[in-house]
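**Student:** Sharing model14.cif, mmCIF, C-alpha atoms and all ligand atoms:
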data_target
#
loop_
_atom_site.label_atom_id
_atom_site.label_comp_id
_atom_site.auth_asym_id
_atom_site.auth_seq_id
_atom_site.Cartn_x
_atom_site.Cartn_y
_atom_site.Cartn_z
CA MET A 1 99.78 86.18 120.84
CA PHE A 2 99.47 89.79 119.82
CA ASP A 3 100.13 92.00 116.82
CA VAL A 4 102.50 94.97 117.17
CA HIS A 5 101.49 98.21 115.47
CA LEU A 6 103.61 101.20 114.54
CA HIS A 7 101.43 104.27 114.19
CA LYS A 8 102.77 107.22 112.21
CA VAL A 9 106.26 106.78 113.60
CA GLY A 10 108.98 109.24 112.70
CA LEU A 11 112.50 109.91 113.87
CA ALA A 12 115.03 112.67 113.25
CA TYR A 13 118.66 112.93 114.37
CA GLY A 14 119.02 116.72 114.53
CA ASP A 15 118.30 117.95 110.99
CA LEU A 16 118.31 114.47 109.50
CA GLN A 17 114.72 113.23 109.21
CA VAL A 18 115.33 109.49 108.81
CA PHE A 19 111.67 108.55 108.36
CA GLN A 20 108.28 109.98 109.16
CA GLN A 21 104.63 109.01 109.24
CA LEU A 22 105.37 105.29 108.92
CA ASP A 23 102.66 102.74 109.62
CA LEU A 24 103.56 99.08 109.97
CA SER A 25 102.00 96.03 111.62
CA LEU A 26 103.94 93.00 112.79
CA LYS A 27 101.49 90.11 112.69
CA ALA A 28 101.50 87.70 115.61
CA GLY A 29 103.56 84.59 114.97
CA GLN A 30 104.77 85.80 111.59
CA TRP A 31 108.03 87.06 110.08
CA THR A 32 107.97 90.63 108.86
CA CYS A 33 111.07 91.39 106.77
CA LEU A 34 112.40 94.83 106.03
CA LEU A 35 114.76 95.37 103.12
CA GLY A 36 116.61 98.52 102.26
CA GLY A 37 119.92 99.99 101.21
CA SER A 38 122.67 101.01 103.57
CA GLY A 39 121.92 104.09 105.69
CA VAL A 40 118.22 104.26 104.83
CA GLY A 41 117.14 103.85 108.46
CA LYS A 42 116.48 100.14 109.01
CA THR A 43 118.40 99.84 112.27
CA THR A 44 116.93 103.10 113.50
CA LEU A 45 113.40 101.78 112.89
CA LEU A 46 114.19 98.53 114.68
CA ARG A 47 115.66 100.42 117.63
CA MET A 48 112.54 102.51 117.73
CA VAL A 49 110.36 99.37 117.97
CA ALA A 50 112.66 98.17 120.76
CA GLY A 51 112.25 101.47 122.60
CA LEU A 52 116.00 102.17 122.41
CA VAL A 53 115.88 105.75 121.10
CA ASP A 54 115.06 108.22 123.80
CA GLN A 55 118.18 110.41 123.83
CA SER A 56 117.37 114.09 123.98
CA ASP A 57 118.94 115.04 120.61
CA ILE A 58 116.55 112.74 118.79
CA ARG A 59 113.02 113.70 117.85
CA VAL A 60 110.65 110.77 117.94
CA GLU A 61 107.05 110.81 116.78
CA GLY A 62 104.25 108.27 116.72
CA ARG A 63 103.46 105.27 118.86
CA VAL A 64 104.23 101.57 119.06
CA THR A 65 101.37 99.53 120.55
CA CYS A 66 100.38 95.90 121.02
CA ASP A 67 96.84 94.81 120.30
CA ASP A 68 96.52 93.01 123.63
CA GLY A 69 96.79 96.44 125.28
CA GLN A 70 100.00 95.58 127.17
CA PRO A 71 103.29 97.42 126.66
CA LEU A 72 105.90 95.87 124.35
CA ALA A 73 108.73 96.59 126.79
CA GLY A 74 109.98 93.42 128.43
CA ARG A 75 108.58 91.20 125.69
CA ILE A 76 111.40 91.60 123.14
CA ALA A 77 114.57 89.69 122.36
CA TRP A 78 117.20 91.22 120.06
CA MET A 79 119.69 89.59 117.71
CA SER A 80 122.12 91.56 115.57
CA GLN A 81 124.87 91.04 113.00
CA GLN A 82 127.53 91.71 115.58
CA ASP A 83 126.82 88.71 117.75
CA SER A 84 127.68 90.83 120.85
CA LEU A 85 129.12 87.83 122.66
CA LEU A 86 131.26 88.76 125.65
CA PRO A 87 134.78 87.60 124.67
CA TRP A 88 135.83 86.70 128.22
CA ALA A 89 132.70 84.66 129.01
CA THR A 90 132.08 81.05 128.00
CA VAL A 91 129.34 80.13 125.58
CA LEU A 92 127.15 79.02 128.48
CA ASP A 93 127.75 82.26 130.40
CA ASN A 94 126.96 84.26 127.27
CA ILE A 95 123.66 82.49 126.80
CA THR A 96 122.61 83.07 130.38
CA ILE A 97 123.83 86.68 130.54
CA GLY A 98 120.30 88.13 130.71
CA GLU A 99 119.34 85.81 133.54
CA ARG A 100 122.58 86.59 135.40
CA LEU A 101 122.03 90.33 135.12
CA ARG A 102 118.42 90.09 136.19
CA THR A 103 119.17 87.87 139.19
CA ARG A 104 122.48 89.62 140.02
CA LYS A 105 124.36 86.35 139.69
CA PHE A 106 127.14 87.81 137.67
CA LEU A 107 130.06 86.78 139.78
CA ARG A 108 131.67 83.48 138.94
CA ARG A 109 131.01 82.00 142.34
CA SER A 110 127.29 82.73 142.29
CA ARG A 111 125.32 79.96 140.70
CA LEU A 112 122.34 80.03 138.43
CA SER A 113 119.44 77.76 139.27
CA SER A 114 119.74 74.24 137.90
CA GLU A 115 116.54 74.91 135.97
CA ALA A 116 118.18 77.86 134.17
CA LEU A 117 121.32 75.83 133.45
CA ASP A 118 119.31 72.90 132.10
CA ARG A 119 117.41 75.26 129.87
CA ALA A 120 120.62 76.86 128.60
CA HIS A 121 122.06 73.44 127.74
CA HIS A 122 118.84 72.55 125.99
CA MET A 123 119.07 75.71 123.84
CA LEU A 124 122.66 74.82 122.98
CA GLU A 125 121.53 71.35 121.94
CA LEU A 126 118.88 72.90 119.72
CA VAL A 127 121.52 74.89 117.84
CA GLY A 128 123.85 71.86 117.80
CA LEU A 129 126.55 73.29 120.06
CA ASP A 130 126.15 71.62 123.42
CA GLU A 131 129.74 70.34 123.32
CA LYS A 132 130.93 73.97 123.10
CA ALA A 133 129.32 75.10 126.38
CA ARG A 134 132.67 75.78 128.12
CA VAL A 135 134.43 77.31 125.12
CA LEU A 136 135.19 81.01 124.66
CA PRO A 137 133.61 82.78 121.65
CA GLN A 138 137.03 83.41 120.04
CA ASN A 139 137.34 79.68 119.44
CA LEU A 140 134.17 79.49 117.37
CA SER A 141 133.53 80.12 113.67
CA GLY A 142 131.29 83.00 112.56
CA GLY A 143 128.41 80.61 111.97
CA GLN A 144 128.86 78.98 115.37
CA ARG A 145 128.93 82.38 117.07
CA GLN A 146 125.64 83.32 115.44
CA ARG A 147 124.19 79.99 116.59
CA VAL A 148 125.21 80.93 120.15
CA ALA A 149 123.54 84.31 119.65
CA LEU A 150 120.43 82.46 118.46
CA ALA A 151 120.55 80.20 121.52
CA ARG A 152 120.78 83.29 123.73
CA THR A 153 117.75 84.74 121.95
CA LEU A 154 115.86 81.48 122.50
CA PHE A 155 116.90 81.34 126.14
CA GLU A 156 115.29 84.75 126.67
CA ASP A 157 112.03 83.23 125.39
CA ARG A 158 110.26 86.47 124.46
CA PRO A 159 107.26 86.55 122.13
CA VAL A 160 108.78 89.22 119.87
CA VAL A 161 112.22 88.84 118.29
CA LEU A 162 113.91 91.77 116.55
CA MET A 163 116.77 90.78 114.24
CA ASP A 164 119.15 93.28 112.63
CA GLU A 165 120.94 91.58 109.72
CA PRO A 166 121.69 88.57 111.93
CA PHE A 167 123.16 86.49 109.09
CA GLY A 168 124.71 89.33 107.11
CA ALA A 169 128.34 88.47 107.85
CA LEU A 170 128.08 84.77 107.01
CA ASP A 171 129.00 82.93 103.82
CA ALA A 172 126.10 81.94 101.56
CA ILE A 173 125.77 78.31 102.65
CA THR A 174 126.12 78.99 106.38
CA ARG A 175 123.58 81.75 105.95
CA LEU A 176 121.02 79.45 104.34
CA ASN A 177 121.53 76.87 107.09
CA LEU A 178 121.08 79.45 109.81
CA GLN A 179 117.97 80.84 108.15
CA ASP A 180 116.46 77.35 108.23
CA MET A 181 117.48 76.83 111.85
CA ALA A 182 116.09 80.21 112.96
CA CYS A 183 112.86 79.57 111.11
CA ASP A 184 112.42 76.24 112.85
CA LEU A 185 113.40 77.38 116.34
CA LEU A 186 111.53 80.70 116.29
CA ALA A 187 108.27 79.16 115.05
CA GLY A 188 105.32 80.86 116.71
CA LYS A 189 107.25 84.02 117.59
CA THR A 190 106.60 87.41 116.05
CA VAL A 191 109.78 88.27 114.20
CA MET A 192 110.94 91.50 112.60
CA LEU A 193 113.98 90.80 110.42
CA ILE A 194 116.10 93.51 108.87
CA THR A 195 118.19 92.44 105.92
CA HIS A 196 119.79 93.83 102.80
CA ASP A 197 119.49 90.44 101.09
CA PRO A 198 116.32 90.10 98.98
CA LEU A 199 116.58 86.31 98.88
CA GLU A 200 116.72 86.14 102.67
CA ALA A 201 113.66 88.37 102.99
CA LEU A 202 111.79 86.31 100.40
CA ARG A 203 112.70 82.94 101.96
CA LEU A 204 111.71 83.97 105.47
CA GLY A 205 109.13 86.74 105.25
CA HIS A 206 105.38 86.32 105.51
CA ALA A 207 105.43 89.99 104.57
CA VAL A 208 108.38 91.75 102.92
CA TYR A 209 108.66 95.53 102.96
CA HIS A 210 111.18 97.77 101.28
CA LEU A 211 112.27 100.91 103.11
CA ARG A 212 113.58 103.56 100.74
CA GLY A 213 113.99 107.28 100.14
CA HIS A 214 114.80 110.30 102.28
CA PRO A 215 112.89 110.56 104.53
CA ALA A 216 112.33 106.85 104.13
CA GLN A 217 108.96 105.39 103.18
CA LEU A 218 107.75 101.81 103.24
CA THR A 219 106.54 100.23 100.03
CA ASP A 220 103.50 97.95 100.00
CA ALA A 221 104.11 94.49 101.38
CA ILE A 222 105.13 91.62 99.14
CA THR A 223 103.62 88.38 100.46
CA PRO A 224 105.50 85.50 98.82
CA PRO A 225 103.54 82.26 98.53
CA GLY A 226 104.25 79.07 100.49
CA LYS A 227 105.51 78.05 103.89
CA ILE A 228 108.76 79.42 105.31
CA PRO A 229 111.66 78.82 104.91
CA ARG A 230 110.86 78.77 101.19
CA SER A 231 112.89 76.53 98.99
CA LEU A 232 115.38 77.94 96.51
CA ASP A 233 113.85 76.12 93.56
CA ASN A 234 110.69 78.20 93.86
CA ALA A 235 110.49 80.01 90.49
CA GLU A 236 108.30 82.83 91.82
CA LEU A 237 110.84 83.51 94.55
CA MET A 238 113.61 83.86 91.99
CA THR A 239 111.56 86.26 89.88
CA LEU A 240 110.76 88.38 92.94
CA GLN A 241 114.43 88.35 93.90
CA GLY A 242 115.30 89.80 90.50
CA VAL A 243 112.68 92.53 90.89
CA LEU A 244 113.91 93.47 94.36
CA LEU A 245 117.59 93.41 93.39
CA ASP A 246 116.81 95.75 90.53
CA ARG A 247 114.94 98.10 92.84
CA LEU A 248 117.78 98.11 95.39
CA ARG A 249 120.37 98.69 92.69
CA HIS A 250 118.42 101.60 91.28
CA GLU A 251 118.11 103.05 94.77
CA GLU A 252 121.90 102.84 95.29
CA SER A 253 122.62 104.51 91.96
CA VAL A 254 120.33 107.47 92.67
CA ALA A 255 121.48 107.87 96.30
N1 LIG B 1 122.98 108.00 116.69
C1 LIG B 1 122.93 108.63 115.51
N2 LIG B 1 123.11 109.97 115.43
C2 LIG B 1 123.03 110.61 114.25
N3 LIG B 1 122.76 110.02 113.06
C3 LIG B 1 122.57 108.69 113.07
C4 LIG B 1 122.64 107.93 114.29
N4 LIG B 1 122.40 106.62 113.98
C5 LIG B 1 122.19 106.57 112.64
N5 LIG B 1 122.30 107.81 112.09
C6 LIG B 1 122.08 108.14 110.68
O1 LIG B 1 120.75 107.80 110.35
C7 LIG B 1 120.67 107.21 109.06
C8 LIG B 1 120.08 105.82 109.16
O2 LIG B 1 120.97 104.96 109.86
P1 LIG B 1 120.66 103.43 110.12
O3 LIG B 1 119.32 103.31 110.74
O4 LIG B 1 121.80 102.87 110.89
O5 LIG B 1 120.63 102.83 108.63
P2 LIG B 1 120.63 101.33 108.10
O6 LIG B 1 120.46 100.43 109.27
O7 LIG B 1 119.48 101.27 107.14
O8 LIG B 1 121.92 101.12 107.38
C9 LIG B 1 122.09 107.23 108.51
O9 LIG B 1 122.22 108.38 107.71
C10 LIG B 1 122.95 107.33 109.74
O10 LIG B 1 124.16 107.97 109.45
MG MG B 2 121.68 98.90 110.00
#
Can I see the file as structure tokens?
**Tutor:**
Amino acid sequence: MFDVHLHKVGLAYGDLQVFQQLDLSLKAGQWTCLLGGSGVGKTTLLRMVAGLVDQSDIRVEGRVTCDDGQPLAGRIAWMSQQDSLLPWATVLDNITIGERLRTRKFLRRSRLSSEALDRAHHMLELVGLDEKARVLPQNLSGGQRQRVALARTLFEDRPVVLMDEPFGALDAITRLNLQDMACDLLAGKTVMLITHDPLEALRLGHAVYHLRGHPAQLTDAITPPGKIPRSLDNAELMTLQGVLLDRLRHEESVA
């Protein structure tokens, strides 16, 4: 396992300096949560960690390194709010899309190895959807679709998982259930989770940062006590939620 370090990273779209001189460490095997209002630069920062921002009209500064000395590229899985499931592909085909692209087995008649198929079914079992393997995404609920997206992330089996508001579109109860499931199934992975929900950050984060301002800065980390996913009857969690909600609300009103 390895820590990921962001050193003095900055990014500007033309004249818009989204953030600059940011330092952040993602600790191996832990959840680092990033909170912040809409438009502050959360997705941009996550894309920067993923190495997805090299267009020529963007100025990028700083470095992203891993403390085992190896590059981060190729060791990341990504999960976003838009589940990005291909509408014309079955659940099973969606889960194995990465494998199909890598092995050029994209055509219907070309078969994945039985090992890959077994693994895909196993991931579906883990998220409780094995009976939906042959179903198209349009026939699933929002929560089920995000469970498929989680299974696809698990199938990729990368040590670092970047999540951009993965549960943001779900109702409160489904969201809590998926948080628990993700916490269980991603144990041991290094996770960076973007969210605008303080409670989500506080339930799941070993470290919780708040990105705010223009250009955006990171506040000091909050490190809530106890094992994740933290229970809702934790009084300290509720107090911290109030503090963070207040901060976010203030930020919106001055924006
Ligand atoms: N490709 C882009 N080109 C120009 N501006 C962008 C681009 N992507 C995002 N932005 C701008 O950068 C800022 C941060 O966006 P984003 O990272 O998506 O915010 P968040 O995820 O926190 O809501 C916003 O002002 C947004 O309009
Ligand atoms: Mg975003």
**Student:** Contacts of region 128-137 of chain A at 9 Å or less, counting all atoms listed in the file, minus same-chain residues fewer than 5 places along, as a PyMOL selection string?
**Tutor:** chain A and resi 85-94+121-123+144-145+147-148
**Student:** What's the 6 Å shell around region 205-221 of chain A, counting all atoms listed in the file, without same-chain residues fewer than 6 positions away, as a ChimeraX atom specification?
**Tutor:** /A:17-19,31-36
**Student:** What residues of the protein or nucleic acid chains come within 10 Å of ligand LIG 1 (chain B) when you use all atoms listed in the file? Reply as JSON, numbers by chain.
**Tutor:** {"A": [11, 12, 13, 14, 15, 16, 17, 18, 19, 34, 35, 36, 37, 38, 39, 40, 41, 42, 43, 44, 45, 46, 47, 48, 53, 55, 57, 58, 164, 165, 194, 195, 196, 211, 212, 214, 215, 216]}
**Student:** Hey, can you check how far CA of Pro159 (chain A) sits from CA of Arg75 (chain A)?
**Tutor:**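 Atom-to-atom, CA of Pro159 (chain A) to CA of Arg75 (chain A), that is 6.0 Å.
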**Student:** Any idea what the distance is between CA of Ala28 (chain A) and CA of Val191 (chain A)?
**Tutor:**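 CA of Ala28 (chain A) sits 8.4 Å away from CA of Val191 (chain A).
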**Student:** How many Å lie between CA of Ser113 (chain A) and CA of Asp157 (chain A), rounded to one decimal?
**Tutor:** 16.7 Å
**Student:** Can you tell me, as a ChimeraX atom specification, what residues are no more than 12 Å from Glu200 (chain A) when counting all atoms listed in the file, ignoring any on the same chain fewer than 3 positions away?
**Tutor:** /A:31-35,165-168,172-173,175-180,182-183,193-197,203-206,208,224,228-232,237-238,240-241,244-245
**Student:** Using only C-alpha atoms and all ligand atoms, which of A:Ser80, A:Val60, A:Met1, A:Leu52 sits nearest ligand MG 2 (chain B)?
**Tutor:**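 Of A:Ser80, A:Val60, A:Met1, A:Leu52, the one nearest ligand MG 2 (chain B) is A:Ser80, counting only C-alpha atoms and all ligand atoms.
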**Student:** Restricting the calculation to all atoms listed in the file: of A:Leu185, A:Met163, A:Leu117, A:Leu112, which residue gets closest to ligand MG 2 (chain B)?
**Tutor:**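 Counting all atoms listed in the file, the residue closest to ligand MG 2 (chain B) is A:Met163.
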**Student:** Please identify all polymer residues within 10 Å of Gln146 (chain A), counting all atoms listed in the file, omitting same-chain residues fewer than 4 positions from it, and present them as a count of residues only.
**Tutor:** 20
